[in-house]
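Novice: Contents of query.tsv (TSV, C-alpha atoms and all ligand atoms):
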chain	number	residue	atom	x	y	z
B	1	MET	CA	-154.76	25.81	-82.39
B	2	ALA	CA	-157.84	23.73	-82.88
B	3	ARG	CA	-159.37	22.57	-79.63
B	4	ASP	CA	-159.41	18.94	-80.68
B	5	THR	CA	-155.64	18.65	-81.01
B	6	CYS	CA	-153.51	17.31	-78.18
B	7	THR	CA	-149.83	17.05	-77.36
B	8	VAL	CA	-148.03	14.03	-75.90
B	9	GLY	CA	-145.91	14.77	-72.83
B	10	ILE	CA	-143.44	12.19	-71.48
B	11	ASP	CA	-141.54	12.30	-68.21
B	12	LEU	CA	-138.70	9.77	-68.16
B	13	GLY	CA	-137.64	8.90	-64.61
B	14	GLY	CA	-135.19	6.41	-63.13
B	15	THR	CA	-138.04	4.09	-62.10
B	16	ASN	CA	-141.02	4.93	-64.31
B	17	ILE	CA	-141.86	6.63	-67.58
B	18	VAL	CA	-145.06	8.69	-67.37
B	19	PHE	CA	-147.02	9.39	-70.57
B	20	GLY	CA	-149.76	12.00	-70.82
B	21	LEU	CA	-152.09	13.55	-73.36
B	22	VAL	CA	-152.43	17.27	-72.78
B	23	THR	CA	-154.95	19.72	-74.27
B	24	PRO	CA	-153.97	23.23	-75.43
B	25	GLN	CA	-155.46	24.46	-72.14
B	26	GLY	CA	-153.07	22.30	-70.12
B	27	GLU	CA	-155.67	19.73	-69.14
B	28	LEU	CA	-154.31	16.21	-68.70
B	29	ILE	CA	-156.98	14.04	-70.32
B	30	HIS	CA	-155.24	10.67	-70.29
B	31	HIS	CA	-152.13	9.32	-68.63
B	32	PHE	CA	-150.39	6.13	-67.56
B	33	SER	CA	-146.93	4.96	-66.55
B	34	HIS	CA	-144.64	2.08	-67.48
B	35	PRO	CA	-141.46	0.86	-65.78
B	36	THR	CA	-138.28	2.41	-67.21
B	37	GLU	CA	-136.30	-0.86	-67.00
B	38	GLY	CA	-133.00	1.00	-67.05
B	39	HIS	CA	-131.20	-2.14	-65.81
B	40	LYS	CA	-132.07	-3.82	-69.16
B	41	GLY	CA	-130.01	-1.24	-71.03
B	42	PRO	CA	-130.64	1.97	-72.97
B	43	ASP	CA	-132.13	0.21	-76.03
B	44	ARG	CA	-134.88	-1.22	-73.88
B	45	VAL	CA	-135.56	2.20	-72.29
B	46	MET	CA	-135.94	3.74	-75.76
B	47	GLN	CA	-138.19	0.89	-76.84
B	48	ASN	CA	-140.38	1.43	-73.77
B	49	ILE	CA	-140.68	5.12	-74.67
B	50	LEU	CA	-141.71	4.28	-78.26
B	51	ASP	CA	-144.21	1.62	-77.10
B	52	GLY	CA	-145.78	4.07	-74.65
B	53	ILE	CA	-146.20	6.71	-77.36
B	54	GLU	CA	-147.81	4.11	-79.63
B	55	GLU	CA	-150.17	3.16	-76.81
B	56	ILE	CA	-151.21	6.72	-76.00
B	57	MET	CA	-151.77	7.53	-79.67
B	58	GLN	CA	-154.02	4.51	-80.02
B	59	ALA	CA	-155.98	5.29	-76.85
B	60	GLY	CA	-158.57	7.04	-78.99
B	61	VAL	CA	-158.85	10.15	-76.87
B	62	GLY	CA	-157.81	13.70	-77.60
B	63	GLY	CA	-158.21	13.77	-81.38
B	64	ARG	CA	-155.23	14.69	-83.52
B	65	ILE	CA	-151.72	14.70	-82.02
B	66	ASN	CA	-149.66	17.73	-83.01
B	67	GLY	CA	-146.34	16.99	-81.31
B	68	ILE	CA	-144.36	15.17	-78.64
B	69	GLY	CA	-142.30	16.48	-75.73
B	70	LEU	CA	-139.88	14.26	-73.79
B	71	GLY	CA	-138.19	15.17	-70.52
B	72	SER	CA	-135.13	13.09	-69.62
B	73	PRO	CA	-132.74	13.17	-66.66
B	74	GLY	CA	-129.33	14.66	-67.37
B	75	ALA	CA	-127.95	17.53	-69.43
B	76	ILE	CA	-129.70	17.44	-72.79
B	77	ASP	CA	-128.60	19.14	-76.00
B	78	THR	CA	-132.04	20.35	-77.04
B	79	GLU	CA	-130.84	21.17	-80.54
B	80	SER	CA	-129.26	17.83	-81.46
B	81	GLY	CA	-131.39	15.59	-79.22
B	82	LEU	CA	-128.34	14.06	-77.52
B	83	VAL	CA	-128.01	13.24	-73.84
B	84	ILE	CA	-124.76	15.05	-72.99
B	85	GLU	CA	-124.38	13.75	-69.45
B	86	CYS	CA	-126.68	11.64	-67.30
B	87	ALA	CA	-126.47	10.42	-63.72
B	88	PRO	CA	-126.31	6.62	-63.40
B	89	ASN	CA	-130.01	6.24	-62.47
B	90	ILE	CA	-130.44	5.28	-66.14
B	91	PRO	CA	-127.30	3.27	-66.99
B	92	ASP	CA	-125.50	4.17	-70.25
B	93	TRP	CA	-128.03	6.91	-71.09
B	94	THR	CA	-125.17	9.39	-71.63
B	95	GLY	CA	-124.47	9.85	-75.35
B	96	ARG	CA	-127.85	8.52	-76.48
B	97	GLN	CA	-129.81	10.17	-79.26
B	98	ILE	CA	-133.33	10.43	-77.84
B	99	ARG	CA	-135.20	12.52	-80.41
B	100	THR	CA	-134.42	10.90	-83.77
B	101	PRO	CA	-135.95	7.46	-82.95
B	102	ILE	CA	-139.25	9.16	-82.02
B	103	VAL	CA	-139.32	11.35	-85.14
B	104	GLU	CA	-138.46	8.38	-87.36
B	105	ARG	CA	-141.19	6.21	-85.90
B	106	PHE	CA	-144.05	8.71	-85.61
B	107	GLY	CA	-143.15	11.53	-88.00
B	108	LEU	CA	-144.26	14.15	-85.49
B	109	PRO	CA	-142.40	17.26	-84.31
B	110	THR	CA	-140.55	16.13	-81.18
B	111	PHE	CA	-138.79	18.22	-78.54
B	112	VAL	CA	-136.50	16.97	-75.79
B	113	ASP	CA	-135.07	18.64	-72.71
B	114	ASN	CA	-133.99	18.00	-69.14
B	115	ASP	CA	-136.83	16.63	-66.98
B	116	ALA	CA	-136.49	19.37	-64.34
B	117	LYS	CA	-136.68	22.02	-67.08
B	118	MET	CA	-139.88	20.40	-68.35
B	119	ALA	CA	-141.40	20.58	-64.85
B	120	VAL	CA	-140.43	24.27	-64.76
B	121	ILE	CA	-142.22	24.85	-68.06
B	122	GLY	CA	-145.29	22.99	-66.77
B	123	GLU	CA	-145.42	25.19	-63.69
B	124	ALA	CA	-144.65	28.31	-65.72
B	125	VAL	CA	-147.24	27.79	-68.44
B	126	PHE	CA	-150.11	26.03	-66.70
B	127	GLY	CA	-149.32	26.28	-62.96
B	128	ALA	CA	-148.47	29.06	-60.51
B	129	GLY	CA	-146.50	30.96	-63.16
B	130	ALA	CA	-149.32	31.06	-65.72
B	131	GLY	CA	-149.55	34.47	-67.37
B	132	TYR	CA	-146.12	35.74	-66.26
B	133	ARG	CA	-143.28	36.44	-68.68
B	134	HIS	CA	-140.24	36.40	-66.40
B	135	LEU	CA	-140.06	33.81	-63.69
B	136	PHE	CA	-137.93	31.42	-61.74
B	137	VAL	CA	-139.01	28.00	-60.50
B	138	VAL	CA	-136.94	26.46	-57.72
B	139	THR	CA	-137.52	22.78	-56.99
B	140	LEU	CA	-136.86	21.65	-53.42
B	141	GLY	CA	-136.55	17.89	-53.27
B	142	THR	CA	-133.76	15.51	-52.33
B	143	GLY	CA	-131.62	18.08	-54.12
B	144	ILE	CA	-132.39	21.57	-55.40
B	145	GLY	CA	-132.99	22.38	-59.04
B	146	GLY	CA	-134.34	25.35	-60.88
B	147	GLY	CA	-135.36	26.80	-64.17
B	148	VAL	CA	-135.43	30.27	-65.63
B	149	VAL	CA	-138.11	31.65	-67.96
B	150	LEU	CA	-137.28	34.97	-69.61
B	151	ASN	CA	-139.64	36.68	-72.01
B	152	GLY	CA	-141.84	33.60	-71.93
B	153	ARG	CA	-139.07	31.29	-73.14
B	154	ILE	CA	-137.01	28.89	-71.09
B	155	HIS	CA	-133.48	30.23	-70.67
B	156	ARG	CA	-131.08	27.30	-71.02
B	157	GLY	CA	-127.78	29.15	-71.04
B	158	ALA	CA	-124.59	28.72	-73.07
B	159	PHE	CA	-123.86	25.27	-71.61
B	160	PHE	CA	-127.46	24.11	-70.93
B	161	CYS	CA	-126.79	24.68	-67.20
B	162	ALA	CA	-128.88	27.78	-66.36
B	163	GLY	CA	-130.97	27.80	-63.19
B	164	GLU	CA	-128.78	25.61	-60.96
B	165	ILE	CA	-129.49	27.70	-57.88
B	166	GLY	CA	-128.92	24.67	-55.62
B	167	HIS	CA	-125.21	25.17	-56.18
B	168	ALA	CA	-125.18	28.87	-55.37
B	169	ALA	CA	-122.78	29.48	-52.48
B	170	VAL	CA	-124.53	30.93	-49.42
B	171	GLN	CA	-121.95	30.29	-46.67
B	172	ILE	CA	-118.17	30.68	-46.40
B	173	ASN	CA	-116.56	27.38	-45.31
B	174	GLY	CA	-120.04	25.89	-45.12
B	175	ARG	CA	-121.35	22.35	-45.24
B	176	ARG	CA	-120.06	20.08	-47.99
B	177	CYS	CA	-122.51	19.84	-50.90
B	178	VAL	CA	-123.13	16.55	-52.80
B	179	CYS	CA	-121.29	18.16	-55.74
B	180	GLY	CA	-118.13	18.29	-53.60
B	181	LYS	CA	-117.98	22.06	-53.09
B	182	ASP	CA	-118.61	23.91	-49.85
B	183	GLY	CA	-121.43	26.09	-48.60
B	184	HIS	CA	-123.91	25.53	-51.42
B	185	LEU	CA	-127.64	26.16	-50.89
B	186	GLU	CA	-128.41	22.49	-51.49
B	187	ALA	CA	-126.32	21.50	-48.45
B	188	TYR	CA	-128.75	23.48	-46.26
B	189	ALA	CA	-132.17	23.73	-47.89
B	190	SER	CA	-132.70	20.44	-49.74
B	191	ALA	CA	-134.37	17.53	-47.95
B	192	LYS	CA	-130.94	15.90	-47.70
B	193	GLY	CA	-129.37	19.11	-46.39
B	194	ILE	CA	-132.06	19.58	-43.75
B	195	VAL	CA	-131.62	16.00	-42.50
B	196	GLY	CA	-127.80	16.28	-42.51
B	197	LEU	CA	-127.81	19.56	-40.64
B	198	THR	CA	-130.25	18.22	-38.04
B	199	ARG	CA	-128.11	15.13	-37.55
B	200	GLU	CA	-125.05	17.30	-36.92
B	201	LEU	CA	-126.85	19.26	-34.18
B	202	LEU	CA	-128.13	16.06	-32.55
B	203	GLU	CA	-124.63	14.55	-32.64
B	204	GLN	CA	-123.39	17.64	-30.81
B	205	GLY	CA	-125.67	16.52	-27.95
B	206	ARG	CA	-128.50	19.00	-28.51
B	207	LYS	CA	-131.77	17.90	-26.88
B	208	SER	CA	-134.67	17.52	-29.28
B	209	ALA	CA	-137.94	15.65	-29.65
B	210	LEU	CA	-136.55	14.54	-33.02
B	211	THR	CA	-134.36	11.86	-31.40
B	212	SER	CA	-137.38	9.83	-30.30
B	213	MET	CA	-139.48	10.85	-33.31
B	214	ALA	CA	-136.80	9.43	-35.65
B	215	GLU	CA	-136.55	6.22	-33.62
B	216	LYS	CA	-140.29	5.62	-34.00
B	217	ASN	CA	-140.29	6.48	-37.70
B	218	GLU	CA	-139.69	3.63	-40.16
B	219	GLU	CA	-137.57	5.82	-42.43
B	220	GLY	CA	-135.66	7.34	-39.51
B	221	LEU	CA	-134.95	11.05	-39.60
B	222	THR	CA	-136.59	12.79	-42.59
B	223	ALA	CA	-137.06	16.41	-43.68
B	224	LYS	CA	-140.81	16.01	-43.12
B	225	LEU	CA	-140.15	14.97	-39.53
B	226	VAL	CA	-137.95	18.05	-39.01
B	227	LEU	CA	-140.70	20.31	-40.41
B	228	ASP	CA	-143.30	18.64	-38.16
B	229	ALA	CA	-141.08	19.13	-35.12
B	230	ALA	CA	-140.48	22.77	-36.07
B	231	ARG	CA	-144.24	23.34	-36.23
B	232	SER	CA	-144.60	22.04	-32.68
B	233	GLY	CA	-141.85	24.41	-31.51
B	234	ASP	CA	-138.86	22.08	-31.21
B	235	GLU	CA	-135.79	24.29	-30.86
B	236	VAL	CA	-133.33	22.24	-32.92
B	237	ALA	CA	-135.87	21.72	-35.73
B	238	LEU	CA	-136.70	25.44	-35.76
B	239	GLU	CA	-133.02	26.33	-35.95
B	240	VAL	CA	-132.52	24.05	-38.97
B	241	VAL	CA	-135.69	25.13	-40.80
B	242	ASN	CA	-135.00	28.82	-40.16
B	243	LEU	CA	-131.45	28.49	-41.47
B	244	ALA	CA	-132.64	26.60	-44.59
B	245	ALA	CA	-135.36	29.22	-45.18
B	246	HIS	CA	-132.92	32.06	-44.62
B	247	TYR	CA	-130.44	30.79	-47.23
B	248	LEU	CA	-133.27	30.08	-49.63
B	249	GLY	CA	-134.63	33.61	-49.30
B	250	MET	CA	-131.10	34.95	-49.71
B	251	ALA	CA	-130.51	32.93	-52.89
B	252	LEU	CA	-133.86	34.01	-54.34
B	253	ALA	CA	-133.01	37.65	-53.59
B	254	HIS	CA	-129.76	37.13	-55.55
B	255	PHE	CA	-131.72	35.74	-58.45
B	256	ALA	CA	-134.23	38.61	-58.32
B	257	MET	CA	-131.40	41.14	-58.29
B	258	VAL	CA	-129.91	39.75	-61.50
B	259	PHE	CA	-133.00	38.72	-63.49
B	260	ASP	CA	-135.81	40.93	-62.12
B	261	PRO	CA	-138.59	38.32	-62.44
B	262	ASP	CA	-142.38	38.85	-62.08
B	263	ILE	CA	-142.71	35.92	-59.71
B	264	MET	CA	-140.75	33.03	-58.19
B	265	VAL	CA	-142.31	29.62	-57.68
B	266	VAL	CA	-141.19	27.05	-55.10
B	267	SER	CA	-141.98	23.48	-56.16
B	268	GLY	CA	-141.05	19.99	-55.01
B	269	GLY	CA	-141.87	18.06	-51.86
B	270	LEU	CA	-140.72	20.80	-49.48
B	271	ALA	CA	-143.01	23.38	-51.14
B	272	LEU	CA	-145.83	21.72	-49.19
B	273	ALA	CA	-144.19	22.83	-45.93
B	274	GLY	CA	-146.29	26.00	-45.79
B	275	GLU	CA	-145.76	28.95	-43.43
B	276	ILE	CA	-143.10	27.28	-41.31
B	277	LEU	CA	-140.75	27.56	-44.33
B	278	PHE	CA	-142.33	30.41	-46.32
B	279	ARG	CA	-142.46	32.97	-43.50
B	280	PRO	CA	-138.72	32.95	-42.64
B	281	MET	CA	-137.89	32.58	-46.35
B	282	ASN	CA	-139.88	35.73	-47.16
B	283	GLU	CA	-138.27	37.57	-44.24
B	284	ALA	CA	-134.79	36.79	-45.56
B	285	TYR	CA	-135.84	37.60	-49.12
B	286	THR	CA	-137.08	41.09	-48.21
B	287	ARG	CA	-134.12	41.62	-45.91
B	288	TYR	CA	-131.64	41.24	-48.78
B	289	LEU	CA	-133.67	42.54	-51.69
B	290	PHE	CA	-132.52	45.76	-53.28
B	291	TYR	CA	-135.14	48.17	-54.73
B	292	GLN	CA	-137.70	46.40	-52.60
B	293	SER	CA	-140.21	49.20	-52.98
B	294	ILE	CA	-140.45	48.77	-56.75
B	295	ARG	CA	-139.87	45.03	-57.00
B	296	GLN	CA	-143.12	43.17	-56.57
B	297	ALA	CA	-141.96	39.62	-57.26
B	298	PRO	CA	-143.65	37.34	-54.74
B	299	ILE	CA	-142.45	33.84	-53.84
B	300	VAL	CA	-145.37	31.43	-54.19
B	301	PRO	CA	-145.82	27.67	-53.80
B	302	ALA	CA	-146.23	25.54	-56.93
B	303	ARG	CA	-149.70	24.45	-58.03
B	304	MET	CA	-148.83	21.25	-59.87
B	305	GLY	CA	-147.79	17.92	-58.43
B	306	PHE	CA	-146.41	14.78	-60.07
B	307	GLU	CA	-147.88	15.84	-63.43
B	308	ALA	CA	-145.70	18.96	-63.81
B	309	GLY	CA	-142.95	17.12	-65.74
B	310	MET	CA	-145.34	15.41	-68.13
B	311	VAL	CA	-147.59	18.44	-68.72
B	312	GLY	CA	-144.45	20.57	-69.01
B	313	ALA	CA	-142.97	18.30	-71.69
B	314	ALA	CA	-146.18	18.77	-73.68
B	315	ALA	CA	-146.14	22.53	-72.98
B	316	MET	CA	-142.53	22.71	-74.24
B	317	ALA	CA	-143.63	21.09	-77.51
B	318	MET	CA	-146.56	23.56	-77.75
B	319	ILE	CA	-144.21	26.51	-77.20
B	320	GLU	CA	-141.71	25.27	-79.78
B	321	LEU	CA	-144.56	24.74	-82.23
B	322	GLY	CA	-145.69	28.30	-81.58
B	323	LEU	CA	-149.02	27.10	-80.22
B	324	GLU	CA	-148.94	27.96	-76.54
B	325	GLY	CA	-146.85	29.49	-73.81
B	326	PRO	CA	-146.60	32.60	-71.72
B	327	GLU	CA	-145.60	34.72	-74.74
B	328	THR	CA	-148.96	34.07	-76.39
B	329	ARG	CA	-150.86	35.31	-73.37
B	330	PRO	CA	-152.18	38.84	-73.07
G	401	ZN	ZN	-123.15	22.01	-54.86
Produce structure tokens that represent the structure in this file.
Ligand SMILES: [Zn+2]
Specialist:
Amino acid sequence: MARDTCTVGIDLGGTNIVFGLVTPQGELIHHFSHPTEGHKGPDRVMQNILDGIEEIMQAGVGGRINGIGLGSPGAIDTESGLVIECAPNIPDWTGRQIRTPIVERFGLPTFVDNDAKMAVIGEAVFGAGAGYRHLFVVTLGTGIGGGVVLNGRIHRGAFFCAGEIGHAAVQINGRRCVCGKDGHLEAYASAKGIVGLTRELLEQGRKSALTSMAEKNEEGLTAKLVLDAARSGDEVALEVVNLAAHYLGMALAHFAMVFDPDIMVVSGGLALAGEILFRPMNEAYTRYLFYQSIRQAPIVPARMGFEAGMVGAAAMAMIELGLEGPETRP
């Protein structure tokens, strides 16, 4: 691909839409964000997307535009461009056709997928997974998401649901997950799970510095606070973080057993936790891993931040256009 061509990457969120211009080398040369305005209805959201594309194309940077990638919340039929199912953070987004309006207006090849999948592609192509063919990216945020890359291509699955490791069961009769089922990883190792688990221990009367730390904190008890307390040796916080890390390592060992990846990448807010999470996670991972002597798939923190979704949307378009991606690397 010529060096003066760029790809537009768009990350549609519940609050903001982020637009970026990405070079074939994954460099973000221009970006801005606009409010989503989901409360004004799905037509307005689509209009805001189209206006943002117009704006970025007229910005006069990056030369020729070769394609557009759009990441949207929800389950997306990547072939038809339809939003199959979307959480209510963008009202009435379910059932919308999100690719056709872009193609009709700009006449450029356009690719749509789930926003978390786009972030996975960003991390896989231009972040910590760059150069690897088989990888897994697990995103630890309020919830837990994930994405699978096999042979340099994102693996979406028969029902566009592949990679949902957050809902892997790790405990019999365990904590209730937000999805309504019991003992899922997300109920222990997501930010919400960590806070919930800590709260349960405190309600049982366990003594912890977290009680006063939460009182002084504007947002009350948070996962960050629990990690901070664990670092300073607080017993309750350590118990929660070690349990979360243990289940995470266990789930990643399960994934490695089935898919045999080169590498696994941990992204999202909790990936910044460092050794306090990674050490016990790695201990559990090696404890459960089969064929450990020949499997050399490390678990590493992500390299990209907020831009992963936007850069990933552009990377997805590049891959689909046959211009970039892990499979083109040596
Ligand atoms: Zn669940």
Novice: List as a ChimeraX atom specification the protein and nucleic acid residues lying within 6 Å of ligand ZN 401 (chain G), with all atoms listed in the file counted.
Specialist: /B:167,177-179,181,184
Novice: Pick out the residues sitting within 12 Å of stretch 48-64 of chain B, and hand them over as a count of residues only; count all atoms listed in the file, and ignore anything fewer than 3 positions along from it in its own chain.
Specialist: 57
Novice: Within 10 Å of (-134.6, 29.8, -65.3) in the file's own coordinates, which protein, DNA or RNA residues have an atom, counting all atoms listed in the file? List them as a list in words.
Specialist: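 Neighbouring residues, ordered by chain and number, come to Lys117, Val120, Ile121, His134, Leu135, Phe136, Val137, Val138, Gly145, Gly146, Gly147, Val148, Val149, Leu150, Arg153, Ile154, His155, Arg156, Gly157, Cys161, Ala162, Gly163, Glu164, Ile165, Phe255, Phe259, Pro261 and Met264 of chain B.
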Novice: Provide the atom CA of B:Phe159 to atom CA of B:Ala75 distance in Å, to one decimal place.
Specialist: 9.0 Å
Novice: Do you have the atom CA of B:Ala187-atom CA of B:Gly174 distance handy?
Specialist: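 One can read the atom CA of B:Ala187 to atom CA of B:Gly174 distance as 8.4 Å.
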Novice: Quick one: distance from atom CA of B:Ala256 to atom CA of B:Ile294 in Å, one decimal?
Specialist: 12.0 Å
Novice: Could you pull the residues within 8 Å of B:Ile276, counting all atoms listed in the file, minus those fewer than 3 positions along the same chain, as a PyMOL selection string?
Specialist: chain B and resi 227+230-231+241+273+279-280
